>>> print(open('input-v2.tsv').read())   # TSV, C-alpha atoms
chain	number	residue	atom	x	y	z
A	1	MET	CA	29.11	-2.13	3.22
A	2	LEU	CA	32.36	-3.84	4.28
A	3	ALA	CA	34.02	-3.57	7.69
A	4	LEU	CA	37.45	-5.09	8.32
A	5	LEU	CA	38.26	-6.97	11.50
A	6	PRO	CA	41.83	-7.35	12.79
A	7	SER	CA	43.92	-9.95	11.01
A	8	LEU	CA	44.49	-12.90	13.32
A	9	SER	CA	46.86	-15.85	13.07
A	10	VAL	CA	44.64	-18.23	15.04
A	11	ALA	CA	42.84	-20.96	13.16
A	12	GLU	CA	39.34	-20.01	14.31
A	13	THR	CA	37.84	-16.55	14.82
A	14	HIS	CA	34.51	-15.86	16.54
A	15	VAL	CA	32.38	-12.91	15.39
A	16	PRO	CA	29.85	-11.98	18.13
A	17	GLY	CA	26.15	-11.99	17.31
A	18	GLY	CA	25.98	-8.35	18.37
A	19	ARG	CA	28.45	-7.44	15.64
A	20	LEU	CA	26.27	-9.18	13.04
A	21	ILE	CA	23.28	-7.14	14.26
A	22	GLU	CA	25.25	-3.89	14.12
A	23	VAL	CA	26.31	-4.41	10.51
A	24	ALA	CA	22.80	-5.53	9.45
A	25	GLN	CA	21.17	-2.52	11.15
A	26	ALA	CA	23.51	-0.16	9.33
A	27	ARG	CA	22.32	-1.65	6.02
A	28	LEU	CA	18.66	-1.21	7.00
A	29	GLN	CA	19.22	2.39	8.08
A	30	SER	CA	20.83	3.10	4.72
A	31	ARG	CA	17.89	1.51	2.89
A	32	ALA	CA	15.39	3.51	4.95
A	33	GLY	CA	17.07	6.85	4.29
A	34	GLY	CA	14.87	7.81	1.33
A	35	ILE	CA	11.54	7.31	3.13
A	36	PRO	CA	10.49	9.98	5.66
A	37	ALA	CA	9.40	8.15	8.81
A	38	GLU	CA	10.47	7.42	12.38
A	39	TRP	CA	12.28	4.11	11.87
A	40	GLN	CA	12.89	1.30	14.34
A	41	PHE	CA	14.74	-1.97	13.63
A	42	ILE	CA	14.21	-4.49	16.41
A	43	PRO	CA	16.39	-7.63	16.24
A	44	SER	CA	14.52	-10.94	16.39
A	45	GLY	CA	16.75	-12.20	19.20
A	46	THR	CA	20.54	-12.24	19.22
A	47	PRO	CA	22.14	-14.61	16.70
A	48	MET	CA	24.83	-16.99	17.87
A	49	ALA	CA	28.43	-15.98	17.28
A	50	SER	CA	29.90	-17.01	13.94
A	51	ALA	CA	33.03	-19.16	13.99
A	52	VAL	CA	35.27	-18.77	10.96
A	53	VAL	CA	38.40	-20.77	10.29
A	54	ALA	CA	40.74	-18.14	8.91
A	55	ASP	CA	44.36	-17.17	8.62
A	56	GLY	CA	44.00	-13.84	6.88
A	57	GLU	CA	42.15	-10.55	6.84
A	58	LEU	CA	38.58	-11.08	8.02
A	59	GLY	CA	35.84	-8.72	6.76
A	60	ILE	CA	32.11	-8.50	7.40
A	61	GLU	CA	29.50	-6.99	5.06
A	62	ALA	CA	25.71	-6.75	4.80
A	63	GLY	CA	24.07	-7.61	1.50
A	64	ASP	CA	21.04	-6.13	-0.23
A	65	VAL	CA	17.56	-6.33	1.30
A	66	ASP	CA	15.36	-8.03	-1.31
A	67	GLY	CA	11.59	-7.93	-1.72
A	68	ALA	CA	8.92	-5.33	-0.98
A	69	TRP	CA	10.00	-2.30	1.02
A	70	PRO	CA	9.15	-1.22	3.59
A	71	ARG	CA	7.81	-4.32	5.33
A	72	SER	CA	7.47	-5.37	8.95
A	73	ARG	CA	9.62	-8.51	8.89
A	74	VAL	CA	12.94	-8.25	7.10
A	75	GLY	CA	16.09	-10.32	6.88
A	76	VAL	CA	19.56	-8.99	6.06
A	77	PRO	CA	22.25	-11.36	4.70
A	78	VAL	CA	25.55	-10.78	6.51
A	79	THR	CA	28.66	-12.24	4.87
A	80	LEU	CA	32.03	-12.96	6.44
A	81	ARG	CA	34.99	-12.86	4.05
A	82	VAL	CA	38.58	-13.99	4.47
A	83	ASP	CA	40.96	-12.14	2.17
A	84	GLY	CA	37.93	-11.23	0.03
A	85	ALA	CA	36.63	-14.80	-0.33
A	86	ILE	CA	33.24	-15.73	1.16
A	87	ALA	CA	33.68	-17.84	4.29
A	88	GLN	CA	30.14	-17.72	5.69
A	89	THR	CA	26.77	-15.97	5.19
A	90	ARG	CA	24.20	-15.51	7.95
A	91	MET	CA	20.66	-14.10	7.76
A	92	VAL	CA	19.89	-11.62	10.53
A	93	TRP	CA	16.18	-10.95	11.12
A	94	PHE	CA	14.44	-7.81	12.35
A	95	THR	CA	10.98	-6.40	12.98
A	96	ALA	CA	10.83	-3.05	11.19
A	97	ARG	CA	8.65	-0.13	12.25
A	98	ALA	CA	8.23	3.07	10.20
A	99	TRP	CA	5.99	5.56	11.99
A	100	ARG	CA	4.40	8.46	10.11
A	101	GLU	CA	1.45	10.81	10.68
A	102	ALA	CA	-1.02	9.86	7.97
A	103	HIS	CA	-4.62	10.07	6.80
A	104	VAL	CA	-6.92	7.22	7.84
A	105	TYR	CA	-10.57	6.58	7.05
A	106	ALA	CA	-12.98	8.02	9.62
A	107	HIS	CA	-15.70	5.41	8.89
A	108	ASP	CA	-16.25	2.12	7.07
A	109	TYR	CA	-16.80	2.66	3.35
A	110	ARG	CA	-17.76	0.39	0.45
A	111	SER	CA	-16.02	0.09	-2.89
A	112	GLY	CA	-17.54	2.47	-5.43
A	113	GLU	CA	-18.39	5.29	-3.02
A	114	ALA	CA	-17.67	8.77	-4.35
A	115	GLY	CA	-14.51	10.36	-3.06
A	116	ASP	CA	-16.41	13.53	-2.17
A	117	ASP	CA	-18.42	11.50	0.38
A	118	LEU	CA	-15.38	10.10	2.21
A	119	ARG	CA	-14.05	11.58	5.45
A	120	THR	CA	-10.55	11.11	6.83
A	121	VAL	CA	-8.74	11.91	10.07
A	122	THR	CA	-5.04	11.73	10.89
A	123	ARG	CA	-3.17	9.43	13.22
A	124	ARG	CA	0.23	7.82	13.66
A	125	VAL	CA	0.62	4.84	11.31
A	126	ASP	CA	3.28	2.15	10.97
A	127	ILE	CA	3.69	2.19	7.19
A	128	ALA	CA	5.96	-0.88	7.30
A	129	ALA	CA	2.92	-2.89	8.43
A	130	GLU	CA	0.17	-0.97	6.60
A	131	GLY	CA	0.52	0.21	3.02
A	132	GLY	CA	4.16	1.24	2.72
A	133	GLU	CA	4.95	4.35	0.70
A	134	GLU	CA	1.38	4.37	-0.70
A	135	VAL	CA	0.10	5.68	2.65
A	136	VAL	CA	-1.05	9.29	2.23
A	137	ALA	CA	0.87	11.55	4.60
A	138	ALA	CA	-0.96	13.84	7.02
A	139	ASP	CA	0.40	17.00	5.37
A	140	VAL	CA	-1.45	16.24	2.11
A	141	LEU	CA	-4.33	18.74	2.06
A	142	ALA	CA	-6.59	16.76	-0.29
A	143	PRO	CA	-6.07	13.05	0.48
A	144	VAL	CA	-9.03	12.04	-1.71
A	145	PRO	CA	-8.92	13.40	-5.29
A	146	ARG	CA	-12.08	15.17	-6.42
A	147	GLY	CA	-14.04	13.34	-9.09
A	148	TYR	CA	-12.64	9.96	-8.01
A	149	ARG	CA	-14.22	6.98	-6.27
A	150	LEU	CA	-13.10	4.30	-3.85
A	151	LEU	CA	-11.83	1.06	-5.43
A	152	ARG	CA	-11.97	-1.20	-2.36
A	153	ASP	CA	-13.92	-1.76	0.85
A	154	VAL	CA	-12.21	-0.07	3.81
A	155	ARG	CA	-12.65	-0.06	7.56
A	156	ALA	CA	-12.51	2.91	9.92
A	157	GLY	CA	-8.91	3.50	10.99
A	158	GLN	CA	-7.30	1.95	7.91
A	159	PRO	CA	-4.68	4.14	6.23
A	160	VAL	CA	-5.65	5.99	3.06
A	161	LEU	CA	-3.55	4.63	0.18
A	162	ALA	CA	-2.81	6.45	-3.07
A	163	ARG	CA	-3.98	3.40	-5.03
A	164	ASP	CA	-7.41	3.36	-3.32
A	165	PHE	CA	-9.01	5.66	-5.91
A	166	GLY	CA	-9.93	5.66	-9.57
A	167	PRO	CA	-11.73	8.17	-11.82
A	168	MET	CA	-15.48	8.33	-11.40
A	169	PRO	CA	-17.17	7.28	-14.68
A	170	ALA	CA	-20.01	9.33	-16.17
A	171	VAL	CA	-22.37	6.70	-14.74
A	172	ALA	CA	-21.26	4.57	-11.78
A	173	ARG	CA	-22.77	1.25	-10.78
A	174	ASN	CA	-25.32	1.28	-7.96
A	175	THR	CA	-25.96	5.02	-8.27
A	176	ARG	CA	-29.13	6.95	-9.12
A	177	VAL	CA	-29.34	8.38	-12.64
A	178	ALA	CA	-31.78	10.47	-14.66
A	179	LEU	CA	-33.37	8.35	-17.42
A	180	GLN	CA	-34.64	10.16	-20.52
A	181	VAL	CA	-37.03	8.27	-22.82
A	182	ARG	CA	-37.55	9.88	-26.25
A	183	ARG	CA	-40.16	8.56	-28.66
A	184	ALA	CA	-41.99	10.15	-31.58
A	185	GLY	CA	-41.08	13.67	-30.56
A	186	LEU	CA	-42.01	13.11	-26.93
A	187	ALA	CA	-39.57	13.09	-24.02
A	188	LEU	CA	-40.19	11.54	-20.64
A	189	SER	CA	-37.89	11.66	-17.63
A	190	THR	CA	-37.69	9.41	-14.58
A	191	ALA	CA	-35.20	8.26	-12.00
A	192	ALA	CA	-33.41	4.93	-12.37
A	193	LEU	CA	-30.73	2.81	-10.71
A	194	ALA	CA	-27.61	2.01	-12.74
A	195	ARG	CA	-26.29	-1.54	-12.55
A	196	ASP	CA	-23.05	-0.92	-14.49
A	197	ASP	CA	-20.28	1.61	-14.90
A	198	GLY	CA	-20.34	3.48	-18.19
A	199	ALA	CA	-18.61	6.23	-20.12
A	200	VAL	CA	-20.49	8.60	-22.43
A	201	GLY	CA	-21.65	6.63	-25.46
A	202	GLU	CA	-21.62	3.25	-23.74
A	203	SER	CA	-24.68	1.15	-22.95
A	204	VAL	CA	-25.53	0.27	-19.34
A	205	ARG	CA	-28.31	-1.60	-17.58
A	206	VAL	CA	-30.70	0.50	-15.53
A	207	LEU	CA	-33.80	-0.18	-13.44
A	208	PRO	CA	-36.41	2.59	-13.83
A	209	GLN	CA	-38.18	3.71	-10.69
A	210	GLY	CA	-41.17	1.45	-10.04
A	211	ALA	CA	-40.04	-1.16	-12.61
A	212	THR	CA	-39.03	-4.79	-11.98
A	213	GLN	CA	-36.93	-5.45	-15.09
A	214	TRP	CA	-33.57	-4.06	-16.08
A	215	ILE	CA	-33.35	-2.31	-19.45
A	216	ARG	CA	-30.47	-0.91	-21.48
A	217	ALA	CA	-29.85	2.78	-22.02
A	218	ALA	CA	-27.06	4.86	-23.52
A	219	VAL	CA	-24.92	7.05	-21.28
A	220	THR	CA	-25.33	10.64	-22.45
A	221	GLY	CA	-23.80	12.66	-19.59
A	222	ARG	CA	-22.89	12.73	-15.93
A	223	ASN	CA	-25.52	10.56	-14.19
A	224	GLU	CA	-27.69	10.73	-17.33
A	225	VAL	CA	-28.87	7.90	-19.61
A	226	THR	CA	-31.21	7.96	-22.61
A	227	ILE	CA	-33.43	5.55	-24.55
A	228	GLU	CA	-34.39	6.68	-28.04
A	229	ASN	CA	-36.76	5.02	-30.52
>>> encode(input="input-v2.tsv", output="structure tokens")
Amino acid sequence: MLALLPSLSVAETHVPGGRLIEVAQARLQSRAGGIPAEWQFIPSGTPMASAVVADGELGIEAGDVDGAWPRSRVGVPVTLRVDGAIAQTRMVWFTARAWREAHVYAHDYRSGEAGDDLRTVTRRVDIAAEGGEEVVAADVLAPVPRGYRLLRDVRAGQPVLARDFGPMPAVARNTRVALQVRRAGLALSTAALARDDGAVGESVRVLPQGATQWIRAAVTGRNEVTIEN
């Protein structure tokens, strides 16, 4: 993004701080174009004018914005060139805001809770400060996938992020399961608490109802474990 300034014969040219901001903002607006949001770029003060010793064509350009995007604090390198050669580079800083209607958690929830038990509401969220493009937009009808569980502790009002969920295993830790005990042709059933996650065929620790010691059982189905002798 290169803008040419009038060629001057004087030894020193001053580029106003406002011009540096204008060029840097244009770069940020271009970078933001692919993300649907209401964008604001607020300069962190007005930089001092740049003095360039030049006897040629003076140009000004904004460089790439490196790092995670979007984010709330962002710097844009602005370069002054004389006849194409770099004369000076300045960093111009902004506070970025990217407002979007999004899903947020209605209550506090703990990691591991089933997605079907989670409730969300919608509100206006600054995705530059909270979650970036992972924030689930308000127009998504099912913000929490069915059969998934929460992978982190969350607080009421926090944005729902796409990365917050993972598939629910056949047996999830800290959930109630049905324990089948099969011995010598007899089958007994009781409730138990699972201590581990487990897929079908894996072994997990469970605490039978009324017991004080954890035992191992094989996962045989959704919320089902079995001990066979």
>>> residues_near_point(input="input-v2.tsv", point="(-23.5, 0.4, -13.4)", cutoff="10 Å", atoms="all atoms listed in the file", output="list in words")
Pro169, Ala170, Val171, Ala172, Arg173, Asn174, Thr175, Arg176, Val177, Leu193, Ala194, Arg195, Asp196, Asp197, Gly198, Ser203, Val204, Arg205 and Val206 of chain A
>>> write_last_selection(input="input-v2.tsv", atoms="C-alpha atoms", output="compact mmCIF listing (two decimals), in the frame of the given file")
# COMPACT_ATOMS: atom_id res chain seq x y z
CA PRO A 169 -17.17 7.28 -14.68
CA ALA A 170 -20.01 9.33 -16.17
CA VAL A 171 -22.37 6.70 -14.74
CA ALA A 172 -21.26 4.57 -11.78
CA ARG A 173 -22.77 1.25 -10.78
CA ASN A 174 -25.32 1.28 -7.96
CA THR A 175 -25.96 5.02 -8.27
CA ARG A 176 -29.13 6.95 -9.12
CA VAL A 177 -29.34 8.38 -12.64
CA LEU A 193 -30.73 2.81 -10.71
CA ALA A 194 -27.61 2.01 -12.74
CA ARG A 195 -26.29 -1.54 -12.55
CA ASP A 196 -23.05 -0.92 -14.49
CA ASP A 197 -20.28 1.61 -14.90
CA GLY A 198 -20.34 3.48 -18.19
CA SER A 203 -24.68 1.15 -22.95
CA VAL A 204 -25.53 0.27 -19.34
CA ARG A 205 -28.31 -1.60 -17.58
CA VAL A 206 -30.70 0.50 -15.53
>>> atom_distance(input="input-v2.tsv", atom1="CA of Glu101 (chain A)", atom2="CA of Gly45 (chain A)")
28.9 Å
>>> residues_near_point(input="input-v2.tsv", point="(-13.7, 5.4, -6.8)", cutoff="12 Å", atoms="all atoms listed in the file", output="PyMOL selection string")
chain A and resi 109-118+144-153+162-173+197
>>> atom_distance(input="input-v2.tsv", atom1="CA of Trp93 (chain A)", atom2="CA of Leu161 (chain A)")
27.4 Å
>>> closest_residue(input="input-v2.tsv", among="A:His107, A:Arg100, A:Arg183, A:Arg216", to="Asn229 (chain A)", atoms="only C-alpha atoms")
A:Arg183
>>> atom_distance(input="input-v2.tsv", atom1="CA of Val82 (chain A)", atom2="CA of Val65 (chain A)")
22.6 Å
>>> closest_residue(input="input-v2.tsv", among="A:Val135, A:Leu179, A:Val76, A:Met91", to="Gln158 (chain A)", atoms="only C-alpha atoms")
A:Val135
>>> residues_around(input="input-v2.tsv", residues="region 39-43 of chain A", least_positions_apart="6", cutoff="9 Å", atoms="only C-alpha atoms", output="PyMOL selection string")
chain A and resi 21+25+28-29+32+92-99
>>> closest_residue(input="input-v2.tsv", among="A:Arg90, A:Arg27, A:Arg81, A:Arg119", to="Asp64 (chain A)", atoms="only C-alpha atoms")
A:Arg27
>>> closest_residue(input="input-v2.tsv", among="A:Ala37, A:Ala192, A:Val140, A:Ala128", to="Gly210 (chain A)", atoms="only C-alpha atoms")
A:Ala192
